[in-house]
Amino acid sequence: MAKPQQKDARRNVRTALACASLVAGMVGLAYASVPLYKLFCQVTGLGGTPGIEAAAPEQATDIDFTVRFDANINPTLPWTFKPVQRAVNLKLGEEGLAFYTATNNSDHPITGTATFNVTPLKIGQYFVKIDCFCFTEQTLQPGETVDMPVTFYVDPEIRQDRSTEEVTTITLSYTFYPKKSETDGQVSALKQKSTPVDIGG
Amino acid sequence: MANAADAHAHDDHGDHYPGFFFRWFCSTNHKDIGTVYMFVSMFAALVGGGMSWFMRLELAEPGLQYLTGGAPDMQFYNVLLTAHGFLMVFFVVMPALIGGFGNWFVPLMIGAPDMAFPRMNNISLWLLIAGLALLLISAFVGSGVGTGWTVYPPLSSSIYHPGAAVDFGILSLHLAGASSILGAINFIVTIFNMRAPGMTLHKMPLFVWSILVTAFLLLLALPVLAGALTMLLTDRNFGTAFFDPAAGGDPVLWQHLFWFFGHPEVYIIILPAFGLISQIVSTFSKKPVFGYLGMAYAMVAIGVVGFVVWAHHMYTVGLDVDTRAYFTAATLVIAVPTGVKIFSWLATMWGGSIEFKTPMLYAFGFIFLFVMGGVTGVTLANSSADLVFHDTYFVVAHFHYVMAIAAIFAMFAGWYYWIGKMSGKQYNETLGKIQFWMFFVGVNILFFPQHFAGLAGMPRRIPDYPDAYAGWNYVSSVGALITAVGTMLFFWILYRTYAAGTKAEQNPWGEGATTLEWHVPSPAPFHTFEDQPDMSGKQPAE
């Protein structure tokens, strides 16, 4: 009896290890989903992720379009960040230029990065950026103010897509946040400062 | 079956039970572990049920009556509904159906002496109990976990839940998840490698099939939850930004990960119930299950398709029309294998010599409730309709019908069906039937009116509501009271069964009960099937 039992035990361990590797694979997949999700959004424009191209199309159309600008800031970043203009009017396919202005209100240089998206979320793939301050990190000296440009165009294809043809206004939104290594101290300081939100009442 | 009879006649001599502490706290015996799982589940059901009855008490009338401890404490309501969800999903239904009945009857039904890894089985049990303890502790840390069972950031981030409560909750789910993963591995190994000779996969009882499919769902779904929870934990404590949009993350990613786990989770809950109901319907109709292979592969199909429909929980996050069209269509496809199961149960009963014992009543109740919830599920699967129903009581009514009370009905059905085998004592049939009718009437009065409240626009997760919703909410709370009395009656029956039940026969259900557990004495001896029965040439067990 001893021999077959040992063989059974080995077979059981083999099956269990196969199951365990399945579990490990799924954990890996969960983490892999973070970059994959980002990539998926960039490719499909899901969640209002704009596309990126080198230049606007040769021929602009004569259809009017409005792009509005919105600015947000992570509470741990001591900057002022605003769009210079609230909106620009342009033609579909025409290259547009807009400026944001940022001021470092602290007494030390700070590096920040901006995330961005557009609303309505469904037109992400038709809003194309040519160049943007958000493509790189921005370092501001104490008290420094800079104007930051973004160039973009709206793809005329937006009129060919039944689910987006009624859109005439797009809002481009940025959120500036500090580069991770610079915030470690500040984040924990903020956490200690924040008291439990009084949700009752 | 002479073989099996010989086997346990031999066992009876070798039956020496360890002392109380070693038997129940260090157990490696699948039956004892199953019993402990059942009692853990009953304890958690009383805690989670108590919370829901308190919520129904508060919701019985408009305005705030009972949440007032000086100032109205809305967060306390959030904590209650969150803990109610966690408890019922992870610590009531899963331990009872998978840990309890699964441990007890999978080895018995396939003629195996025990689970493949008895010590790992013990670890599973105690990880679950540790998880339960952490969850209960979390309610007393800071302002508690008021995130809902879906734990969506940013509500669950450190901005809105700054204390350690959510971290306790996360670790609790980690432990419960580890417990389930180890348990699932144990089931898969046992079912694949330890079946009696001659019992091919296509001859296994459907309950074993259901546990096998469930175990695979657990292996594929729970690691994703564990990964997402770990990301949330590091977001909260170590400055990562997986879900923080102000630092490049995306809270919608959490919803994708959570529901990639969360949707299979509802099948993890209901598949063992499907298996159990198949056994019971067959037993009390005195007929083999209609379309055995169809039934088995319908469960496999539900499991597979269940992994590609998750975003139907997220129709309102801004998915584009084409994506929503896909998820609507994929979700509706699940109605096909589910329909196969429902119609096969009806076909099993058709022309059968049906005996309305309590387990069969509960099986009927299960089918009725599941069809009810399935119909509203088809409604909600349509993204256009769901944009209106989202986060209303219509959704609450829907998921309580399918995965809450239907699962509870399956648990009761299983308990009445198998308690003779587990305890050696038979329950009182009259009391059992009274308990069924109380529970059946109670839960329907409780949950059916919530459809109306939801259609009228009553939002979920809010302790107060405009006067317009008062009528149906009052009816619903009356239903909760009836259900509560029915629950108390169940515990009385449980007590009477153990204290003064009549001796259970080896097979109390007659010719319809053909699976192997009815070929060992009642109560099932400490050791069974040390010599495996030879099943070659025999019919499918069910």
# chains A, B, ... in the order shown; residues from 1 in each chain; ligands from 1
>>> closest_atom_pairs(of="chain B", to="chain A", cutoff="7 Å", atoms="only C-alpha atoms", output="Markdown table")
| residue | atom | partner | partner_atom | distance |
| --- | --- | --- | --- | --- |
| B:Ala71 | CA | A:Gly201 | CA | 6.6 |
| B:Pro72 | CA | A:Gly201 | CA | 6.0 |
| B:Asp73 | CA | A:Gly200 | CA | 4.9 |
| B:Met74 | CA | A:Gly200 | CA | 5.1 |
| B:Gln75 | CA | A:Gly200 | CA | 6.1 |
| B:Ala116 | CA | A:Asn12 | CA | 6.9 |
| B:Tyr160 | CA | A:Val197 | CA | 6.4 |
| B:Pro162 | CA | A:Pro196 | CA | 6.1 |
| B:Ile185 | CA | A:Ala16 | CA | 5.9 |
| B:Val189 | CA | A:Asn12 | CA | 5.9 |
| B:Asn193 | CA | A:Asn12 | CA | 6.7 |
| B:Leu219 | CA | A:Val23 | CA | 5.7 |
| B:Leu220 | CA | A:Met26 | CA | 6.2 |
| B:Pro223 | CA | A:Val27 | CA | 5.0 |
| B:Val224 | CA | A:Ala30 | CA | 5.1 |
| B:Gly227 | CA | A:Val27 | CA | 5.6 |
| B:Ala228 | CA | A:Ala30 | CA | 6.9 |
| B:Gly239 | CA | A:Asp184 | CA | 6.9 |
| B:Ala246 | CA | A:Asn74 | CA | 5.4 |
| B:Ala247 | CA | A:Tyr177 | CA | 5.4 |
| B:Gly248 | CA | A:Thr115 | CA | 5.7 |
| B:Gly318 | CA | A:Leu121 | CA | 6.5 |
| B:Asp320 | CA | A:Lys122 | CA | 5.8 |
>>> residues_around(residues="B:Glu265", least_positions_apart="4", cutoff="8 Å", atoms="only C-alpha atoms", output="number ranges by chain")
B: 217-218, 221, 261, 269
>>> write_last_selection(atoms="C-alpha atoms", output="PDB file, in the first residue's frame")
ATOM      1  CA  LEU B 217     -13.659  30.565 -10.260  1.00  0.00           C
ATOM      2  CA  LEU B 218     -12.098  31.191  -6.845  1.00  0.00           C
ATOM      3  CA  ALA B 221     -11.075  35.708  -9.345  1.00  0.00           C
ATOM      4  CA  PHE B 261     -13.491  39.624  -9.182  1.00  0.00           C
ATOM      5  CA  ILE B 269     -21.934  32.032  -4.278  1.00  0.00           C
TER       6      ILE B 269
END
>>> select_by_dssp(residues="stretch 8-111 of chain A", states="alpha helix (DSSP H)", output="PyMOL selection string")
chain A and resi 8-44
>>> write_last_selection(atoms="C-alpha atoms", output="PDB file, in the first residue's frame")
ATOM      1  CA  ASP A   8      -0.836   9.640  -5.012  1.00  0.00           C
ATOM      2  CA  ALA A   9       0.790  12.184  -2.728  1.00  0.00           C
ATOM      3  CA  ARG A  10       3.174  13.255  -5.487  1.00  0.00           C
ATOM      4  CA  ARG A  11       0.287  13.582  -7.912  1.00  0.00           C
ATOM      5  CA  ASN A  12      -1.658  15.670  -5.395  1.00  0.00           C
ATOM      6  CA  VAL A  13       1.280  18.000  -4.850  1.00  0.00           C
ATOM      7  CA  ARG A  14       1.702  18.362  -8.621  1.00  0.00           C
ATOM      8  CA  THR A  15      -1.960  19.340  -9.061  1.00  0.00           C
ATOM      9  CA  ALA A  16      -1.764  21.725  -6.116  1.00  0.00           C
ATOM     10  CA  LEU A  17       1.338  23.399  -7.559  1.00  0.00           C
ATOM     11  CA  ALA A  18      -0.422  23.835 -10.895  1.00  0.00           C
ATOM     12  CA  CYS A  19      -3.287  25.519  -9.066  1.00  0.00           C
ATOM     13  CA  ALA A  20      -0.875  27.702  -7.092  1.00  0.00           C
ATOM     14  CA  SER A  21       0.839  28.871 -10.274  1.00  0.00           C
ATOM     15  CA  LEU A  22      -2.598  29.785 -11.647  1.00  0.00           C
ATOM     16  CA  VAL A  23      -3.124  31.941  -8.549  1.00  0.00           C
ATOM     17  CA  ALA A  24       0.300  33.565  -8.930  1.00  0.00           C
ATOM     18  CA  GLY A  25      -0.434  34.228 -12.591  1.00  0.00           C
ATOM     19  CA  MET A  26      -3.709  35.955 -11.751  1.00  0.00           C
ATOM     20  CA  VAL A  27      -2.002  38.184  -9.145  1.00  0.00           C
ATOM     21  CA  GLY A  28       0.547  39.087 -11.807  1.00  0.00           C
ATOM     22  CA  LEU A  29      -2.251  39.817 -14.254  1.00  0.00           C
ATOM     23  CA  ALA A  30      -3.933  42.108 -11.710  1.00  0.00           C
ATOM     24  CA  TYR A  31      -0.755  44.183 -11.499  1.00  0.00           C
ATOM     25  CA  ALA A  32      -0.105  43.965 -15.231  1.00  0.00           C
ATOM     26  CA  SER A  33      -3.565  45.428 -15.717  1.00  0.00           C
ATOM     27  CA  VAL A  34      -2.344  48.814 -14.463  1.00  0.00           C
ATOM     28  CA  PRO A  35      -0.018  49.556 -17.426  1.00  0.00           C
ATOM     29  CA  LEU A  36      -2.245  47.574 -19.785  1.00  0.00           C
ATOM     30  CA  TYR A  37      -5.254  49.668 -18.787  1.00  0.00           C
ATOM     31  CA  LYS A  38      -3.267  52.862 -19.403  1.00  0.00           C
ATOM     32  CA  LEU A  39      -2.191  51.562 -22.809  1.00  0.00           C
ATOM     33  CA  PHE A  40      -5.739  50.503 -23.642  1.00  0.00           C
ATOM     34  CA  CYS A  41      -7.029  53.983 -22.761  1.00  0.00           C
ATOM     35  CA  GLN A  42      -4.369  55.623 -24.949  1.00  0.00           C
ATOM     36  CA  VAL A  43      -5.124  53.403 -27.904  1.00  0.00           C
ATOM     37  CA  THR A  44      -8.906  53.625 -27.737  1.00  0.00           C
TER      38      THR A  44
END
>>> residues_around(residues="stretch 276-286 of chain B", least_positions_apart="3", cutoff="7 Å", atoms="only C-alpha atoms", output="PDB file with N, CA and C atoms, in the first residue's frame")
ATOM      1  N   LEU B 206     -23.771  16.165  -9.280  1.00  0.00           N
ATOM      2  CA  LEU B 206     -23.720  17.558  -9.725  1.00  0.00           C
ATOM      3  C   LEU B 206     -23.233  18.499  -8.635  1.00  0.00           C
ATOM      4  N   PHE B 207     -23.446  18.124  -7.354  1.00  0.00           N
ATOM      5  CA  PHE B 207     -22.919  18.995  -6.301  1.00  0.00           C
ATOM      6  C   PHE B 207     -21.396  19.052  -6.379  1.00  0.00           C
ATOM      7  N   PRO B 272     -22.539  26.539  -6.039  1.00  0.00           N
ATOM      8  CA  PRO B 272     -22.753  25.419  -5.117  1.00  0.00           C
ATOM      9  C   PRO B 272     -24.229  25.242  -4.790  1.00  0.00           C
ATOM     10  N   ALA B 273     -24.966  26.370  -4.744  1.00  0.00           N
ATOM     11  CA  ALA B 273     -26.409  26.269  -4.508  1.00  0.00           C
ATOM     12  C   ALA B 273     -27.072  25.518  -5.659  1.00  0.00           C
ATOM     13  N   VAL B 289     -31.439  13.408 -12.410  1.00  0.00           N
ATOM     14  CA  VAL B 289     -31.532  14.763 -12.940  1.00  0.00           C
ATOM     15  C   VAL B 289     -31.705  14.718 -14.453  1.00  0.00           C
ATOM     16  N   TRP B 345     -34.337  21.459 -14.063  1.00  0.00           N
ATOM     17  CA  TRP B 345     -34.934  21.136 -12.756  1.00  0.00           C
ATOM     18  C   TRP B 345     -36.421  20.856 -12.922  1.00  0.00           C
ATOM     19  N   THR B 348     -36.863  17.589 -14.409  1.00  0.00           N
ATOM     20  CA  THR B 348     -36.596  16.519 -13.450  1.00  0.00           C
ATOM     21  C   THR B 348     -37.838  16.236 -12.621  1.00  0.00           C
ATOM     22  N   MET B 349     -38.530  17.315 -12.227  1.00  0.00           N
ATOM     23  CA  MET B 349     -39.732  17.134 -11.413  1.00  0.00           C
ATOM     24  C   MET B 349     -40.868  16.549 -12.249  1.00  0.00           C
ATOM     25  N   GLY B 352     -42.288  13.105 -11.961  1.00  0.00           N
ATOM     26  CA  GLY B 352     -41.645  12.461 -10.824  1.00  0.00           C
ATOM     27  C   GLY B 352     -42.647  12.224  -9.712  1.00  0.00           C
ATOM     28  N   SER B 353     -42.284  11.366  -8.787  1.00  0.00           N
ATOM     29  CA  SER B 353     -43.129  11.116  -7.629  1.00  0.00           C
ATOM     30  C   SER B 353     -42.645  12.050  -6.523  1.00  0.00           C
ATOM     31  N   ILE B 354     -43.152  13.284  -6.557  1.00  0.00           N
ATOM     32  CA  ILE B 354     -42.572  14.347  -5.730  1.00  0.00           C
ATOM     33  C   ILE B 354     -43.051  14.247  -4.289  1.00  0.00           C
ATOM     34  N   GLU B 355     -42.105  14.362  -3.368  1.00  0.00           N
ATOM     35  CA  GLU B 355     -42.409  14.330  -1.952  1.00  0.00           C
ATOM     36  C   GLU B 355     -42.062  15.698  -1.373  1.00  0.00           C
ATOM     37  N   PRO B 359     -36.668  19.965   2.686  1.00  0.00           N
ATOM     38  CA  PRO B 359     -35.621  20.321   1.715  1.00  0.00           C
ATOM     39  C   PRO B 359     -36.197  20.584   0.325  1.00  0.00           C
ATOM     40  N   MET B 360     -37.217  19.804  -0.067  1.00  0.00           N
ATOM     41  CA  MET B 360     -37.807  19.996  -1.389  1.00  0.00           C
ATOM     42  C   MET B 360     -38.564  21.309  -1.451  1.00  0.00           C
ATOM     43  N   ALA B 363     -36.090  23.805  -2.022  1.00  0.00           N
ATOM     44  CA  ALA B 363     -35.595  23.760  -3.400  1.00  0.00           C
ATOM     45  C   ALA B 363     -36.575  24.464  -4.338  1.00  0.00           C
ATOM     46  N   ALA B 410     -30.919  27.817  -0.452  1.00  0.00           N
ATOM     47  CA  ALA B 410     -30.124  26.628  -0.754  1.00  0.00           C
ATOM     48  C   ALA B 410     -29.444  26.121   0.513  1.00  0.00           C
ATOM     49  N   GLY B 414     -30.028  22.513   2.038  1.00  0.00           N
ATOM     50  CA  GLY B 414     -28.926  21.597   2.308  1.00  0.00           C
ATOM     51  C   GLY B 414     -28.906  21.156   3.756  1.00  0.00           C
ATOM     52  N   GLU B 511     -35.638   5.762  -2.149  1.00  0.00           N
ATOM     53  CA  GLU B 511     -34.963   5.338  -3.377  1.00  0.00           C
ATOM     54  C   GLU B 511     -34.374   6.493  -4.170  1.00  0.00           C
ATOM     55  N   GLY B 512     -34.896   7.731  -3.985  1.00  0.00           N
ATOM     56  CA  GLY B 512     -34.399   8.862  -4.767  1.00  0.00           C
ATOM     57  C   GLY B 512     -32.987   9.263  -4.393  1.00  0.00           C
ATOM     58  N   ALA B 513     -32.569   8.954  -3.171  1.00  0.00           N
ATOM     59  CA  ALA B 513     -31.252   9.386  -2.701  1.00  0.00           C
ATOM     60  C   ALA B 513     -30.219   8.334  -3.082  1.00  0.00           C
TER      61      ALA B 513
END
>>> closest_residue(among="A:Thr66, A:Asn104, A:Gln160, A:Asn117", to="A:Val88", atoms="only C-alpha atoms")
A:Thr66
>>> closest_residue(among="B:Gly262, B:Pro153, B:Gly34, B:Gly373", to="B:Val106", atoms="only C-alpha atoms")
B:Gly34
>>> select_by_dssp(residues="chain A", states="strand (DSSP E or B)", output="ChimeraX atom specification")
/A:51-52,64-73,79-83,87-91,96-104,110-119,127-132,138-140,145-154,169-178
>>> closest_residue(among="B:Gly420, B:Asp322, B:Asp391, B:Ala484", to="B:Trp53", atoms="only C-alpha atoms")
B:Ala484
>>> closest_residue(among="B:Cys26, B:Ala524, B:Leu175, B:Val47", to="B:Leu81", atoms="only C-alpha atoms")
B:Val47
>>> atom_distance(atom1="atom CA of B:Asp244", atom2="atom CA of B:Val321")
25.8 Å
>>> closest_residue(among="A:His108, A:Lys129, A:Lys82, A:Arg68", to="A:Ala56", atoms="only C-alpha atoms")
A:Lys129
>>> closest_residue(among="B:Ala176, B:Ile123, B:Met109, B:Ala404", to="B:His84", atoms="only C-alpha atoms")
B:Ala404
>>> atom_distance(atom1="atom CA of B:Ala83", atom2="atom CA of B:Leu173")
11.6 Å
>>> residues_around(residues="B:Val208", least_positions_apart="6", cutoff="10 Å", atoms="only C-alpha atoms", output="list in words")
Gly102, Phe105, Val106, Pro107, Leu108, Met109, Ile110, Phe187, Ile191, Leu201, Thr214, Pro272, Gly275, Leu276 and Ala296 of chain B
>>> residues_around(residues="B:Tyr474", least_positions_apart="6", cutoff="12 Å", atoms="only C-alpha atoms", output="list in words")
Arg56, Leu57, Glu58, Leu59, Ala60, Glu61, Pro62, Ile445, Leu446, Phe447, Pro449, Gln450, Ala453, Tyr465, Asp467, Ala468, Ala480 and Leu481 of chain B
>>> write_last_selection(atoms="all heavy atoms", output="short mmCIF file (atom, residue, chain, number, x, y, z; two decimals), in the first residue's frame")
data_model
loop_
_atom_site.label_atom_id
_atom_site.label_comp_id
_atom_site.auth_asym_id
_atom_site.auth_seq_id
_atom_site.Cartn_x
_atom_site.Cartn_y
_atom_site.Cartn_z
N ARG B 56 -33.42 47.79 8.58
CA ARG B 56 -34.84 47.80 8.22
C ARG B 56 -35.66 48.53 9.28
O ARG B 56 -36.66 49.17 8.97
CB ARG B 56 -35.38 46.38 8.07
CG ARG B 56 -35.26 45.67 6.75
CD ARG B 56 -35.45 46.42 5.49
NE ARG B 56 -36.50 47.40 5.39
CZ ARG B 56 -36.60 48.28 4.38
NH1 ARG B 56 -35.73 48.28 3.41
NH2 ARG B 56 -37.57 49.16 4.35
N LEU B 57 -35.23 48.41 10.53
CA LEU B 57 -35.93 49.12 11.61
C LEU B 57 -35.82 50.62 11.37
O LEU B 57 -36.80 51.36 11.45
CB LEU B 57 -35.28 48.73 12.95
CG LEU B 57 -35.98 49.19 14.22
CD1 LEU B 57 -37.32 48.51 14.34
CD2 LEU B 57 -35.11 48.85 15.43
N GLU B 58 -34.60 51.07 11.04
CA GLU B 58 -34.39 52.49 10.77
C GLU B 58 -35.19 52.93 9.54
O GLU B 58 -35.73 54.04 9.49
CB GLU B 58 -32.90 52.75 10.57
CG GLU B 58 -32.54 54.17 10.17
CD GLU B 58 -33.09 55.20 11.14
OE1 GLU B 58 -32.74 55.11 12.32
OE2 GLU B 58 -33.87 56.09 10.71
N LEU B 59 -35.28 52.04 8.55
CA LEU B 59 -35.93 52.41 7.29
C LEU B 59 -37.44 52.23 7.33
O LEU B 59 -38.13 52.54 6.36
CB LEU B 59 -35.35 51.57 6.14
CG LEU B 59 -33.92 51.90 5.74
CD1 LEU B 59 -33.38 50.81 4.83
CD2 LEU B 59 -33.86 53.24 5.04
N ALA B 60 -37.97 51.71 8.44
CA ALA B 60 -39.41 51.45 8.50
C ALA B 60 -40.21 52.73 8.33
O ALA B 60 -41.31 52.71 7.79
CB ALA B 60 -39.76 50.76 9.82
N GLU B 61 -39.68 53.84 8.79
CA GLU B 61 -40.37 55.11 8.66
C GLU B 61 -39.41 56.15 8.12
O GLU B 61 -38.21 56.04 8.34
CB GLU B 61 -40.86 55.60 10.03
CG GLU B 61 -41.99 54.79 10.60
CD GLU B 61 -42.32 55.24 12.01
OE1 GLU B 61 -42.24 56.46 12.28
OE2 GLU B 61 -42.61 54.38 12.85
N PRO B 62 -39.94 57.18 7.44
CA PRO B 62 -39.05 58.27 7.01
C PRO B 62 -38.49 59.00 8.22
O PRO B 62 -39.05 58.92 9.31
CB PRO B 62 -39.97 59.19 6.20
CG PRO B 62 -41.29 58.54 6.12
CD PRO B 62 -41.33 57.41 7.09
N ILE B 445 -42.16 39.36 1.25
CA ILE B 445 -42.71 40.65 1.71
C ILE B 445 -41.57 41.64 1.93
O ILE B 445 -41.71 42.83 1.71
CB ILE B 445 -43.53 40.44 3.00
CG1 ILE B 445 -44.76 39.59 2.71
CG2 ILE B 445 -43.95 41.78 3.59
CD1 ILE B 445 -45.59 39.29 3.93
N LEU B 446 -40.42 41.11 2.34
CA LEU B 446 -39.27 41.98 2.60
C LEU B 446 -38.72 42.57 1.30
O LEU B 446 -38.49 43.77 1.20
CB LEU B 446 -38.19 41.17 3.33
CG LEU B 446 -36.78 41.70 3.46
CD1 LEU B 446 -36.74 43.09 4.05
CD2 LEU B 446 -35.96 40.77 4.34
N PHE B 447 -38.49 41.74 0.29
CA PHE B 447 -37.74 42.24 -0.86
C PHE B 447 -38.61 42.63 -2.05
O PHE B 447 -38.20 43.45 -2.85
CB PHE B 447 -36.69 41.21 -1.29
CG PHE B 447 -35.55 41.14 -0.34
CD1 PHE B 447 -35.33 40.03 0.44
CD2 PHE B 447 -34.70 42.23 -0.19
CE1 PHE B 447 -34.28 39.98 1.34
CE2 PHE B 447 -33.66 42.19 0.71
CZ PHE B 447 -33.44 41.07 1.47
N PRO B 449 -41.38 44.50 -2.32
CA PRO B 449 -41.72 45.93 -2.39
C PRO B 449 -40.51 46.81 -2.73
O PRO B 449 -40.69 47.92 -3.19
CB PRO B 449 -42.21 46.24 -0.98
CG PRO B 449 -42.61 44.93 -0.40
CD PRO B 449 -41.68 43.93 -1.01
N GLN B 450 -39.31 46.30 -2.50
CA GLN B 450 -38.14 47.12 -2.82
C GLN B 450 -38.02 47.36 -4.32
O GLN B 450 -37.43 48.35 -4.75
CB GLN B 450 -36.87 46.48 -2.25
CG GLN B 450 -36.91 46.45 -0.73
CD GLN B 450 -35.63 45.96 -0.10
OE1 GLN B 450 -34.67 45.64 -0.79
NE2 GLN B 450 -35.61 45.88 1.22
N ALA B 453 -40.10 50.53 -4.69
CA ALA B 453 -39.38 51.69 -4.18
C ALA B 453 -38.27 52.09 -5.15
O ALA B 453 -38.05 53.27 -5.42
CB ALA B 453 -38.81 51.39 -2.80
N TYR B 465 -35.40 58.80 3.69
CA TYR B 465 -36.00 58.92 2.37
C TYR B 465 -37.21 59.84 2.46
O TYR B 465 -37.78 60.05 3.53
CB TYR B 465 -36.42 57.55 1.84
CG TYR B 465 -37.22 56.71 2.80
CD1 TYR B 465 -38.60 56.89 2.91
CD2 TYR B 465 -36.60 55.77 3.61
CE1 TYR B 465 -39.33 56.14 3.80
CE2 TYR B 465 -37.33 55.02 4.51
CZ TYR B 465 -38.70 55.20 4.60
OH TYR B 465 -39.43 54.47 5.48
N ASP B 467 -41.09 61.10 2.16
CA ASP B 467 -42.31 60.43 2.61
C ASP B 467 -42.97 59.59 1.52
O ASP B 467 -43.67 58.63 1.81
CB ASP B 467 -43.32 61.48 3.09
CG ASP B 467 -42.84 62.13 4.38
OD1 ASP B 467 -41.80 61.68 4.89
OD2 ASP B 467 -43.49 63.07 4.86
N ALA B 468 -42.71 59.96 0.25
CA ALA B 468 -43.36 59.24 -0.85
C ALA B 468 -43.04 57.75 -0.82
O ALA B 468 -43.83 56.93 -1.25
CB ALA B 468 -42.91 59.84 -2.18
N ALA B 480 -39.16 41.96 7.03
CA ALA B 480 -37.91 41.68 7.75
C ALA B 480 -38.20 41.09 9.12
O ALA B 480 -37.50 40.19 9.59
CB ALA B 480 -37.09 42.97 7.88
N LEU B 481 -39.27 41.58 9.75
CA LEU B 481 -39.63 41.07 11.07
C LEU B 481 -40.05 39.60 10.98
O LEU B 481 -39.62 38.76 11.77
CB LEU B 481 -40.76 41.93 11.66
CG LEU B 481 -41.19 41.55 13.08
CD1 LEU B 481 -40.03 41.77 14.04
CD2 LEU B 481 -42.40 42.37 13.50
#
